[in-house]
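As stored in structure-v2.cif (mmCIF, C-alpha atoms):
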```
data_work
#
loop_
_atom_site.label_atom_id
_atom_site.label_comp_id
_atom_site.auth_asym_id
_atom_site.auth_seq_id
_atom_site.Cartn_x
_atom_site.Cartn_y
_atom_site.Cartn_z
CA MET A 1 118.43 46.72 79.51
CA GLU A 2 115.34 44.55 79.47
CA ALA A 3 112.84 45.00 76.64
CA LYS A 4 110.13 46.30 78.99
CA ASP A 5 112.47 48.96 80.37
CA ILE A 6 113.52 50.04 76.89
CA GLN A 7 109.88 50.52 75.89
CA LYS A 8 109.06 52.34 79.13
CA THR A 9 112.07 54.61 78.58
CA ARG A 10 110.91 55.42 75.05
CA THR A 11 107.47 56.35 76.40
CA LEU A 12 108.94 58.53 79.14
CA LEU A 13 111.25 60.32 76.72
CA GLN A 14 108.45 60.91 74.22
CA SER A 15 106.21 62.46 76.90
CA SER A 16 108.92 64.58 78.54
CA GLU A 17 110.29 67.91 77.41
CA ASN A 18 112.01 69.25 80.54
CA ILE A 19 114.62 66.77 81.71
CA VAL A 20 117.07 67.05 84.60
CA ILE A 21 120.24 64.99 84.90
CA THR A 22 121.95 64.69 88.26
CA CYS A 23 124.70 62.68 89.95
CA HIS A 24 126.17 62.09 93.40
CA LYS A 25 127.84 64.62 95.66
CA GLY A 26 131.55 65.05 94.98
CA PRO A 27 131.25 64.24 91.26
CA ASP A 28 134.09 62.27 89.68
CA GLY A 29 135.00 61.49 86.08
CA ASP A 30 132.31 58.85 85.66
CA ALA A 31 129.57 61.03 87.15
CA ILE A 32 130.43 64.09 85.07
CA GLY A 33 131.25 62.10 81.93
CA SER A 34 127.98 60.15 82.00
CA SER A 35 125.93 63.27 82.79
CA LEU A 36 127.44 65.23 79.89
CA ALA A 37 127.18 62.30 77.47
CA LEU A 38 123.48 61.85 78.25
CA TYR A 39 122.91 65.62 78.15
CA LEU A 40 124.46 65.89 74.68
CA TYR A 41 122.44 62.91 73.46
CA LEU A 42 119.15 64.35 74.77
CA LYS A 43 119.89 67.75 73.22
CA LYS A 44 120.24 65.97 69.88
CA GLN A 45 116.76 64.55 70.46
CA GLY A 46 115.39 68.06 70.84
CA LYS A 47 114.88 67.86 74.61
CA ASN A 48 115.31 70.71 77.09
CA ALA A 49 117.92 69.04 79.28
CA THR A 50 119.73 70.50 82.29
CA ILE A 51 122.55 69.04 84.38
CA ILE A 52 122.40 69.89 88.09
CA VAL A 53 125.11 68.44 90.34
CA PRO A 54 125.27 68.78 94.14
CA ASP A 55 128.63 70.56 94.25
CA ASP A 56 131.68 71.41 92.20
CA PHE A 57 133.77 68.91 90.27
CA PRO A 58 137.55 68.64 89.71
CA PHE A 59 139.33 71.15 87.48
CA PHE A 60 140.76 68.36 85.31
CA LEU A 61 137.24 67.58 84.05
CA LYS A 62 136.35 71.14 83.07
CA TRP A 63 137.71 70.74 79.54
CA LEU A 64 134.85 68.34 78.74
CA PRO A 65 132.39 69.67 76.13
CA GLU A 66 129.47 71.70 77.54
CA SER A 67 130.76 71.36 81.12
CA GLU A 68 130.40 75.13 81.52
CA HIS A 69 126.60 74.68 81.42
CA ILE A 70 126.49 72.41 84.49
CA ILE A 71 124.59 74.02 87.37
CA LEU A 72 126.11 73.62 90.84
CA TYR A 73 123.29 73.10 93.33
CA ASP A 74 125.13 74.43 96.37
CA ALA A 75 125.79 77.74 94.60
CA ASN A 76 122.43 78.10 92.79
CA LYS A 77 119.80 76.47 95.01
CA GLU A 78 116.85 78.68 94.11
CA THR A 79 117.35 78.33 90.35
CA ALA A 80 118.08 74.61 90.64
CA ASN A 81 114.99 73.93 92.78
CA THR A 82 112.77 75.69 90.23
CA ILE A 83 114.21 73.60 87.39
CA ILE A 84 113.81 70.35 89.34
CA ASN A 85 110.22 71.19 90.36
CA ASN A 86 109.32 71.91 86.72
CA ALA A 87 110.96 68.76 85.36
CA ASP A 88 108.98 66.00 83.67
CA LEU A 89 111.77 63.45 83.94
CA ILE A 90 114.88 63.14 86.12
CA PHE A 91 117.87 60.91 85.34
CA THR A 92 119.97 59.91 88.32
CA LEU A 93 123.42 58.77 87.21
CA ASP A 94 126.23 56.99 89.04
CA PHE A 95 124.35 56.61 92.34
CA ASN A 96 121.37 54.59 93.51
CA ALA A 97 120.15 56.22 96.72
CA LEU A 98 118.93 59.82 96.89
CA HIS A 99 120.85 60.60 100.07
CA ARG A 100 124.02 60.42 97.94
CA THR A 101 123.06 63.84 96.54
CA GLY A 102 123.47 65.58 99.91
CA ASP A 103 121.41 68.76 100.12
CA MET A 104 119.55 67.86 96.91
CA GLN A 105 117.87 64.89 98.56
CA GLU A 106 114.83 66.81 99.81
CA VAL A 107 113.90 68.52 96.54
CA LEU A 108 114.47 65.30 94.59
CA SER A 109 112.37 63.27 97.03
CA ASN A 110 109.49 65.74 96.65
CA ALA A 111 109.75 66.12 92.87
CA SER A 112 106.71 65.23 90.76
CA ALA A 113 108.88 64.05 87.86
CA LYS A 114 109.42 60.41 86.94
CA PHE A 115 112.89 58.99 87.56
CA ILE A 116 115.24 56.89 85.46
CA MET A 117 118.27 55.45 87.25
CA ILE A 118 121.44 54.44 85.40
CA ASP A 119 124.01 53.08 87.85
CA HIS A 120 126.49 50.29 88.53
CA HIS A 121 126.71 50.32 92.34
CA GLN A 122 125.41 47.58 94.60
CA GLN A 123 122.04 47.48 96.38
CA PRO A 124 119.98 50.15 94.56
CA ASP A 125 117.03 51.84 96.24
CA ASP A 126 113.59 51.49 94.65
CA TYR A 127 112.65 55.03 93.63
CA ALA A 128 112.83 55.03 89.83
CA GLU A 129 110.26 54.29 87.15
CA VAL A 130 113.07 52.63 85.20
CA THR A 131 116.05 51.15 87.02
CA TYR A 132 118.97 50.25 84.77
CA SER A 133 121.35 48.76 87.31
CA ASP A 134 124.25 46.44 86.53
CA THR A 135 127.09 45.94 88.98
CA THR A 136 129.10 43.93 86.43
CA ILE A 137 129.64 46.98 84.22
CA CYS A 138 132.77 49.00 84.96
CA SER A 139 131.27 52.48 84.80
CA THR A 140 128.06 54.45 84.40
CA CYS A 141 129.58 55.92 81.23
CA GLN A 142 129.70 52.47 79.64
CA MET A 143 126.08 52.00 80.73
CA VAL A 144 125.10 55.27 79.02
CA TYR A 145 126.72 53.91 75.84
CA HIS A 146 124.61 50.73 76.14
CA PHE A 147 121.55 52.83 77.03
CA ILE A 148 121.85 54.86 73.82
CA ASP A 149 122.52 51.66 71.88
CA ALA A 150 119.38 50.03 73.35
CA LEU A 151 117.35 53.00 72.10
CA GLU A 152 118.82 52.28 68.63
CA ASP A 153 120.52 55.68 68.52
CA ILE A 154 124.18 54.65 68.66
CA ASN A 155 124.68 56.32 65.28
CA THR A 156 124.02 59.69 66.98
CA LEU A 157 127.28 59.48 68.92
CA ASP A 158 129.77 62.15 67.90
CA THR A 159 133.23 63.02 69.19
CA ASP A 160 131.85 65.22 72.00
CA ILE A 161 129.68 62.43 73.39
CA ALA A 162 132.46 59.90 72.84
CA ASN A 163 134.98 62.11 74.70
CA CYS A 164 132.67 62.20 77.73
CA ILE A 165 132.03 58.44 77.70
CA TYR A 166 135.71 57.59 77.28
CA THR A 167 136.69 59.88 80.17
CA GLY A 168 134.29 58.19 82.58
CA ILE A 169 135.32 54.69 81.59
CA MET A 170 139.01 55.57 81.78
CA THR A 171 138.79 57.14 85.24
CA ASP A 172 136.50 54.51 86.78
CA THR A 173 138.68 51.62 85.59
CA GLY A 174 141.97 53.16 86.70
CA SER A 175 142.99 53.53 83.06
CA PHE A 176 141.59 50.06 82.24
CA ARG A 177 143.56 48.15 84.86
CA PHE A 178 140.77 47.18 87.27
CA ARG A 179 139.07 43.78 87.17
CA SER A 180 135.81 45.43 86.08
CA THR A 181 137.38 46.16 82.66
CA THR A 182 135.94 43.48 80.38
CA SER A 183 136.27 42.56 76.73
CA THR A 184 132.99 44.42 76.18
CA THR A 185 134.56 47.52 77.73
CA HIS A 186 137.41 47.32 75.23
CA ARG A 187 134.96 46.90 72.34
CA VAL A 188 133.13 50.03 73.50
CA ILE A 189 136.46 51.88 73.74
CA ALA A 190 137.37 50.72 70.22
CA SER A 191 134.12 52.11 68.85
CA LEU A 192 134.77 55.46 70.58
CA ILE A 193 138.24 55.65 69.02
CA ASP A 194 136.69 54.84 65.64
CA ILE A 195 134.34 57.80 66.11
CA GLY A 196 137.41 60.01 66.31
CA ILE A 197 138.42 60.69 69.90
CA ASP A 198 142.05 61.37 70.76
CA ASN A 199 142.51 58.94 73.65
CA ALA A 200 146.08 60.08 74.39
CA LYS A 201 144.93 63.70 74.69
CA ILE A 202 142.09 62.73 77.03
CA HIS A 203 144.57 60.95 79.29
CA GLN A 204 146.82 64.02 79.28
CA ASN A 205 143.91 66.35 80.09
CA VAL A 206 142.92 64.27 83.11
CA TYR A 207 146.21 62.97 84.49
CA ASP A 208 148.96 65.28 83.21
CA SER A 209 147.72 68.67 84.41
CA ASN A 210 149.01 68.66 87.97
CA SER A 211 149.65 71.87 89.84
CA TYR A 212 152.74 72.30 92.02
CA ASN A 213 150.51 72.36 95.11
CA ARG A 214 148.80 69.13 94.09
CA LEU A 215 152.12 67.31 93.84
CA GLN A 216 153.20 68.76 97.19
CA LEU A 217 149.94 67.49 98.70
CA LEU A 218 150.66 64.05 97.24
CA GLY A 219 154.06 64.18 98.92
CA LYS A 220 152.44 65.03 102.24
CA SER A 221 149.93 62.20 101.78
CA LEU A 222 152.71 59.69 101.21
CA THR A 223 154.60 61.04 104.23
CA ASN A 224 151.47 60.34 106.30
CA LEU A 225 151.14 56.78 104.96
CA LYS A 226 150.90 54.15 107.69
CA VAL A 227 151.04 50.36 107.32
CA ILE A 228 149.56 47.61 109.50
CA PRO A 229 151.49 44.65 108.08
CA GLU A 230 149.87 41.93 110.20
CA LEU A 231 146.49 42.92 108.71
CA ASN A 232 147.72 43.71 105.19
CA THR A 233 146.31 47.22 105.52
CA ALA A 234 147.64 50.69 104.71
CA TYR A 235 146.04 54.07 105.30
CA ILE A 236 146.63 57.79 104.81
CA SER A 237 145.17 60.65 106.84
CA LEU A 238 145.00 64.32 105.88
CA SER A 239 143.89 67.04 108.27
CA ALA A 240 142.12 70.20 107.14
CA ASP A 241 145.23 72.21 108.00
CA GLU A 242 147.44 69.97 105.86
CA GLN A 243 145.08 70.33 102.92
CA SER A 244 144.93 74.09 103.43
CA GLU A 245 148.73 74.31 103.55
CA PHE A 246 148.87 73.14 99.95
CA ASN A 247 145.72 74.99 98.84
CA ALA A 248 143.94 71.71 98.08
CA GLN A 249 141.32 71.94 95.36
CA LYS A 250 138.43 69.66 94.45
CA GLY A 251 139.87 66.41 93.09
CA ASP A 252 143.44 66.97 94.28
CA THR A 253 143.43 63.77 96.35
CA GLU A 254 141.65 61.65 93.76
CA GLY A 255 143.56 58.41 93.25
CA VAL A 256 145.92 58.97 96.18
CA VAL A 257 144.47 55.97 98.04
CA ASN A 258 145.71 53.75 95.19
CA TYR A 259 149.30 54.50 96.21
CA ALA A 260 148.59 52.81 99.54
CA LEU A 261 146.94 49.87 97.79
CA SER A 262 149.96 49.49 95.49
CA LEU A 263 152.20 48.47 98.38
CA GLN A 264 153.33 44.86 98.21
CA GLY A 265 151.13 42.60 100.31
CA ILE A 266 148.45 45.22 100.98
CA LYS A 267 144.86 44.02 100.58
CA LEU A 268 142.96 46.98 102.12
CA ALA A 269 143.77 50.69 101.75
CA ALA A 270 142.06 53.82 103.02
CA ILE A 271 142.42 57.58 102.99
CA PHE A 272 140.80 59.78 105.65
CA LYS A 273 140.30 63.47 104.82
CA GLU A 274 139.04 66.09 107.23
CA ASP A 275 136.41 68.26 105.52
CA GLN A 276 135.90 71.66 107.16
CA ASN A 277 132.76 72.49 105.17
CA SER A 278 130.75 69.39 106.02
CA LYS A 279 132.44 68.82 109.41
CA LEU A 280 132.87 65.20 108.36
CA ILE A 281 135.78 62.87 107.76
CA LYS A 282 135.54 61.72 104.15
CA ILE A 283 136.76 58.16 103.61
CA SER A 284 137.84 56.38 100.44
CA LEU A 285 138.45 52.64 100.59
CA ARG A 286 140.11 50.29 98.10
CA SER A 287 140.81 46.56 98.21
CA LYS A 288 142.23 43.68 96.26
CA GLY A 289 140.68 40.28 95.68
CA ASP A 290 137.41 39.37 97.33
CA PHE A 291 137.57 41.68 100.36
CA SER A 292 134.44 43.82 99.99
CA VAL A 293 134.98 47.44 100.99
CA ASN A 294 131.35 48.00 99.98
CA GLU A 295 130.19 45.75 102.83
CA PHE A 296 132.89 47.10 105.15
CA SER A 297 131.87 50.71 104.55
CA ARG A 298 128.14 49.99 104.81
CA ALA A 299 128.68 48.23 108.11
CA HIS A 300 130.92 50.82 109.76
CA PHE A 301 131.03 54.16 107.90
CA ASN A 302 127.56 54.80 106.45
CA GLY A 303 128.83 54.36 102.91
CA GLY A 304 129.03 51.87 100.10
CA GLY A 305 130.09 51.40 96.51
CA HIS A 306 131.72 48.43 94.81
CA THR A 307 133.46 45.33 96.09
CA ASN A 308 136.93 46.84 95.57
CA ALA A 309 136.15 50.58 95.70
CA ALA A 310 133.86 52.35 98.13
CA GLY A 311 133.43 55.49 100.16
CA GLY A 312 132.09 56.52 103.52
CA ALA A 313 132.05 59.26 106.15
CA SER A 314 132.46 59.74 109.87
CA LYS A 315 131.18 62.39 112.28
CA LEU A 316 134.04 61.64 114.69
CA SER A 317 137.26 63.62 114.66
CA LEU A 318 140.05 62.61 112.30
CA GLU A 319 142.00 60.91 115.08
CA GLU A 320 138.91 59.14 116.45
CA THR A 321 137.92 57.95 112.97
CA VAL A 322 141.35 56.45 112.34
CA GLU A 323 141.26 54.82 115.79
CA LYS A 324 137.83 53.35 115.01
CA PHE A 325 139.11 52.01 111.68
CA ILE A 326 142.12 50.36 113.34
CA SER A 327 139.97 48.88 116.12
CA ILE A 328 137.61 47.25 113.60
CA LEU A 329 140.32 45.56 111.54
CA PRO A 330 141.12 42.61 113.85
CA SER A 331 137.61 41.24 113.32
CA TYR A 332 138.46 40.95 109.61
CA LYS A 333 141.85 39.30 110.16
CA LYS A 334 140.86 36.08 108.40
CA GLU A 335 139.56 37.91 105.31
CA LEU A 336 142.62 40.18 105.18
CA SER A 337 145.15 37.37 105.57
#
```
Would you write the structure of this file as structure tokens?
Amino acid sequence: MEAKDIQKTRTLLQSSENIVITCHKGPDGDAIGSSLALYLYLKKQGKNATIIVPDDFPFFLKWLPESEHIILYDANKETANTIINNADLIFTLDFNALHRTGDMQEVLSNASAKFIMIDHHQQPDDYAEVTYSDTTICSTCQMVYHFIDALEDINTLDTDIANCIYTGIMTDTGSFRFRSTTSTTHRVIASLIDIGIDNAKIHQNVYDSNSYNRLQLLGKSLTNLKVIPELNTAYISLSADEQSEFNAQKGDTEGVVNYALSLQGIKLAAIFKEDQNSKLIKISLRSKGDFSVNEFSRAHFNGGGHTNAAGGASKLSLEETVEKFISILPSYKKELS
């Protein structure tokens, strides 16, 4: 963070008592981990902090400390709107455009509170009083660590905060295997372990708590895997009926797209999921090397993210969305070769 932003943040925190923390729709480990870490830090500073997220988060994150106090906007709109309207300060974590909050966009856009953004995605919107944006950092959780450090409060970190930060870094780096994992990331991780976290247990809580149905759904996903070898592309599609057959829960398909990307020679991978509630096709994209799925998704699927990991959506049917995806690929043949 720049010195001017650190000072502005201090001023905003000193003048604010009611603080809201929010993240993007479909919260993942980084979104929930960073929100809880910041929440726990602010509570230690004597602030009245509240986490409000657009919708529910995966069951394998519900062991995180204080997660039971998170308010789900889609289930508690009236209460959540009152809290947001009475807030002095709003932190937006792990996203950089208000439309990423879905139904929360309107109340956030009309809020009288000041905003602080902490995010590592590309091309941030200009809505915050303080914008802490760094696309070179692997996760928003690592940014929250640096944020607390910049405020000279790193000594306030305890095992609860450290557990939350570690979880977000671990999940957003694919257990530290992605290119975004730097030597600084490992130094942060080392300091969290020194605080007293049990890193092996965190990994077990997140990755080793599969249900039978979740593994069956994974099997179905792999059965549906298709490869376009001449374009070094692989994709998976899942209909609403297929997800219902295996009683799919929030987060059950997280990471499945990486199986497609793991195929030898594959440079671009995608998963297309039919969502009955939103009537949209949810899309997750992954890539290797310098092929930017952020630019690809922004150009064709109203999404965005990082160079090698992005998301998007389509209002077409599942079949039409897949057909559109396949029809676009030849124009990227040079980049995918």
Per-axis box centre and lengths in Å around region 202-220 of chain A, 4 Å margin per side, axis-aligned, as lines of an AutoDock Vina configuration file:
```
center_x = 148.1
center_y = 66.7
center_z = 89.6
size_x = 20.0
size_y = 19.4
size_z = 33.2
```
- Message: Between CA of Val206 (chain A) and CA of Gln249 (chain A), what is the distance in Å, rounded to a tenth?
- Response: 14.5 Å
- Find the distance between CA of Val257 (chain A) and CA of Lys25 (chain A) and write it in Å to one decimal.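 Atom-to-atom, CA of Val257 (chain A) to CA of Lys25 (chain A), that is 18.9 Å.
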- Task: Have a look at CA of Asp160 (chain A) and CA of Ile32 (chain A) and let me know their distance in Å, one decimal.
- Result: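 CA of Ile32 (chain A) lies at a distance of 13.2 Å from CA of Asp160 (chain A).
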- Taking the file as shown, find all residues satisfying the PyMOL selection byres ((chain A and resi 129) around 10) and write them as a PyMOL selection string. chain A and resi 5+8-9+12+89+113-117+126-128+130-132
Please write the residues from the selection above to a file, keeping C-alpha atoms, as an mmCIF file, in the frame of the given file.
```
data_model
loop_
_atom_site.group_PDB
_atom_site.id
_atom_site.type_symbol
_atom_site.label_atom_id
_atom_site.label_comp_id
_atom_site.auth_asym_id
_atom_site.auth_seq_id
_atom_site.Cartn_x
_atom_site.Cartn_y
_atom_site.Cartn_z
ATOM 1 C CA ASP A 5 112.470 48.960 80.370
ATOM 2 C CA LYS A 8 109.060 52.340 79.130
ATOM 3 C CA THR A 9 112.070 54.610 78.580
ATOM 4 C CA LEU A 12 108.940 58.530 79.140
ATOM 5 C CA LEU A 89 111.770 63.450 83.940
ATOM 6 C CA ALA A 113 108.880 64.050 87.860
ATOM 7 C CA LYS A 114 109.420 60.410 86.940
ATOM 8 C CA PHE A 115 112.890 58.990 87.560
ATOM 9 C CA ILE A 116 115.240 56.890 85.460
ATOM 10 C CA MET A 117 118.270 55.450 87.250
ATOM 11 C CA ASP A 126 113.590 51.490 94.650
ATOM 12 C CA TYR A 127 112.650 55.030 93.630
ATOM 13 C CA ALA A 128 112.830 55.030 89.830
ATOM 14 C CA VAL A 130 113.070 52.630 85.200
ATOM 15 C CA THR A 131 116.050 51.150 87.020
ATOM 16 C CA TYR A 132 118.970 50.250 84.770
#
```
- Tell me which of A:Leu38, A:Val256, A:Ile236, A:Ala248 sits closest to Tyr145 (chain A), counting only C-alpha atoms. A:Leu38
Can you tell me which residues surround Asp125 (chain A) at a distance of at most 9 Å, considering only C-alpha atoms, apart from same-chain residues fewer than 6 positions away, and format the answer as a PDB file with C-alpha atoms, in the coordinates of the input?
```
ATOM      1  CA  ASN A  96     121.370  54.590  93.510  1.00  0.00           C
ATOM      2  CA  ALA A  97     120.150  56.220  96.720  1.00  0.00           C
ATOM      3  CA  LEU A  98     118.930  59.820  96.890  1.00  0.00           C
TER       4      LEU A  98
END
```
- Task: Could you give me, as a list in words, the residues within 6 Å of region 281-285 of chain A, counting all atoms listed in the file and dropping anything in the same chain fewer than 5 positions from it?
- Result: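 Near neighbours after the sequence-gap exclusion: Ala269, Ala270, Ile271, Phe272, Lys273, Glu274, Asp275, Ala309, Ala310, Gly311, Gly312, Ala313 and Ser314 of chain A.
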Selection in question (the file shown): the PyMOL selection byres ((chain A and resi 28) around 10). Which residues does it include, as a tab-separated table (two decimals) with C-alpha atoms, keeping the file's coordinate frame?
```tsv
chain	number	residue	atom	x	y	z
A	23	CYS	CA	124.70	62.68	89.95
A	24	HIS	CA	126.17	62.09	93.40
A	25	LYS	CA	127.84	64.62	95.66
A	26	GLY	CA	131.55	65.05	94.98
A	27	PRO	CA	131.25	64.24	91.26
A	29	GLY	CA	135.00	61.49	86.08
A	30	ASP	CA	132.31	58.85	85.66
A	31	ALA	CA	129.57	61.03	87.15
A	32	ILE	CA	130.43	64.09	85.07
A	33	GLY	CA	131.25	62.10	81.93
A	56	ASP	CA	131.68	71.41	92.20
A	57	PHE	CA	133.77	68.91	90.27
A	58	PRO	CA	137.55	68.64	89.71
A	61	LEU	CA	137.24	67.58	84.05
A	94	ASP	CA	126.23	56.99	89.04
A	168	GLY	CA	134.29	58.19	82.58
A	171	THR	CA	138.79	57.14	85.24
A	172	ASP	CA	136.50	54.51	86.78
A	250	LYS	CA	138.43	69.66	94.45
A	251	GLY	CA	139.87	66.41	93.09
A	254	GLU	CA	141.65	61.65	93.76
```
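Residue neighbourhood of Ile51 (chain A), excluding near-sequence residues (fewer than 2 positions): Val20, Ile21, Thr22, Ser35, Leu36, Tyr39, Ala49, Val53, His69, Ile70 and Ile71 of chain A, at 8 Å, using only C-alpha atoms.
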For the selection you just gave me, I'd like the residues written to a file as a PDB file, in the coordinates of the input, keeping C-alpha atoms.
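out12.pdb written:
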```
ATOM      1  CA  VAL A  20     117.070  67.050  84.600  1.00  0.00           C
ATOM      2  CA  ILE A  21     120.240  64.990  84.900  1.00  0.00           C
ATOM      3  CA  THR A  22     121.950  64.690  88.260  1.00  0.00           C
ATOM      4  CA  SER A  35     125.930  63.270  82.790  1.00  0.00           C
ATOM      5  CA  LEU A  36     127.440  65.230  79.890  1.00  0.00           C
ATOM      6  CA  TYR A  39     122.910  65.620  78.150  1.00  0.00           C
ATOM      7  CA  ALA A  49     117.920  69.040  79.280  1.00  0.00           C
ATOM      8  CA  VAL A  53     125.110  68.440  90.340  1.00  0.00           C
ATOM      9  CA  HIS A  69     126.600  74.680  81.420  1.00  0.00           C
ATOM     10  CA  ILE A  70     126.490  72.410  84.490  1.00  0.00           C
ATOM     11  CA  ILE A  71     124.590  74.020  87.370  1.00  0.00           C
TER      12      ILE A  71
END
```
Output requested as an mmCIF file, in the frame of the given file - region 170-177 of chain A, filled out with all heavy atoms.
```
data_model
loop_
_atom_site.group_PDB
_atom_site.id
_atom_site.type_symbol
_atom_site.label_atom_id
_atom_site.label_comp_id
_atom_site.auth_asym_id
_atom_site.auth_seq_id
_atom_site.Cartn_x
_atom_site.Cartn_y
_atom_site.Cartn_z
ATOM 1 N N MET A 170 137.585 55.537 81.461
ATOM 2 C CA MET A 170 139.010 55.570 81.780
ATOM 3 C C MET A 170 139.237 55.812 83.281
ATOM 4 O O MET A 170 140.030 55.109 83.925
ATOM 5 C CB MET A 170 139.710 56.660 80.968
ATOM 6 C CG MET A 170 141.198 56.817 81.251
ATOM 7 S SD MET A 170 141.933 58.230 80.394
ATOM 8 C CE MET A 170 141.243 59.594 81.369
ATOM 9 N N THR A 171 138.555 56.795 83.841
ATOM 10 C CA THR A 171 138.790 57.140 85.240
ATOM 11 C C THR A 171 138.239 56.088 86.189
ATOM 12 O O THR A 171 138.851 55.816 87.233
ATOM 13 C CB THR A 171 138.193 58.516 85.584
ATOM 14 O OG1 THR A 171 136.800 58.537 85.229
ATOM 15 C CG2 THR A 171 138.912 59.627 84.838
ATOM 16 N N ASP A 172 137.103 55.475 85.863
ATOM 17 C CA ASP A 172 136.500 54.510 86.780
ATOM 18 C C ASP A 172 137.147 53.125 86.703
ATOM 19 O O ASP A 172 136.872 52.273 87.552
ATOM 20 C CB ASP A 172 134.993 54.397 86.548
ATOM 21 C CG ASP A 172 134.191 54.798 87.772
ATOM 22 O OD1 ASP A 172 134.632 55.710 88.487
ATOM 23 O OD2 ASP A 172 133.127 54.197 88.034
ATOM 24 N N THR A 173 137.965 52.907 85.694
ATOM 25 C CA THR A 173 138.680 51.620 85.590
ATOM 26 C C THR A 173 140.156 51.766 85.931
ATOM 27 O O THR A 173 140.919 50.815 85.738
ATOM 28 C CB THR A 173 138.563 51.041 84.164
ATOM 29 O OG1 THR A 173 139.115 51.986 83.229
ATOM 30 C CG2 THR A 173 137.126 50.731 83.791
ATOM 31 N N GLY A 174 140.553 52.947 86.419
ATOM 32 C CA GLY A 174 141.970 53.160 86.700
ATOM 33 C C GLY A 174 142.802 53.002 85.446
ATOM 34 O O GLY A 174 143.819 52.300 85.440
ATOM 35 N N SER A 175 142.350 53.659 84.381
ATOM 36 C CA SER A 175 142.990 53.530 83.060
ATOM 37 C C SER A 175 143.006 52.080 82.599
ATOM 38 O O SER A 175 144.013 51.567 82.108
ATOM 39 C CB SER A 175 144.405 54.121 83.079
ATOM 40 O OG SER A 175 144.358 55.512 83.315
ATOM 41 N N PHE A 176 141.852 51.407 82.790
ATOM 42 C CA PHE A 176 141.590 50.060 82.240
ATOM 43 C C PHE A 176 142.362 48.955 82.926
ATOM 44 O O PHE A 176 142.532 47.875 82.361
ATOM 45 C CB PHE A 176 141.839 50.034 80.718
ATOM 46 C CG PHE A 176 141.311 51.236 80.010
ATOM 47 C CD1 PHE A 176 142.164 52.222 79.539
ATOM 48 C CD2 PHE A 176 139.952 51.421 79.850
ATOM 49 C CE1 PHE A 176 141.675 53.362 78.920
ATOM 50 C CE2 PHE A 176 139.441 52.554 79.225
ATOM 51 C CZ PHE A 176 140.312 53.534 78.767
ATOM 52 N N ARG A 177 142.790 49.192 84.180
ATOM 53 C CA ARG A 177 143.560 48.150 84.860
ATOM 54 C C ARG A 177 142.765 47.389 85.902
ATOM 55 O O ARG A 177 143.230 46.366 86.408
ATOM 56 C CB ARG A 177 144.817 48.744 85.499
ATOM 57 C CG ARG A 177 144.597 49.580 86.745
ATOM 58 C CD ARG A 177 145.924 50.106 87.282
ATOM 59 N NE ARG A 177 145.810 50.772 88.556
ATOM 60 C CZ ARG A 177 145.564 52.069 88.704
ATOM 61 N NH1 ARG A 177 145.391 52.822 87.628
ATOM 62 N NH2 ARG A 177 145.484 52.610 89.907
#
```
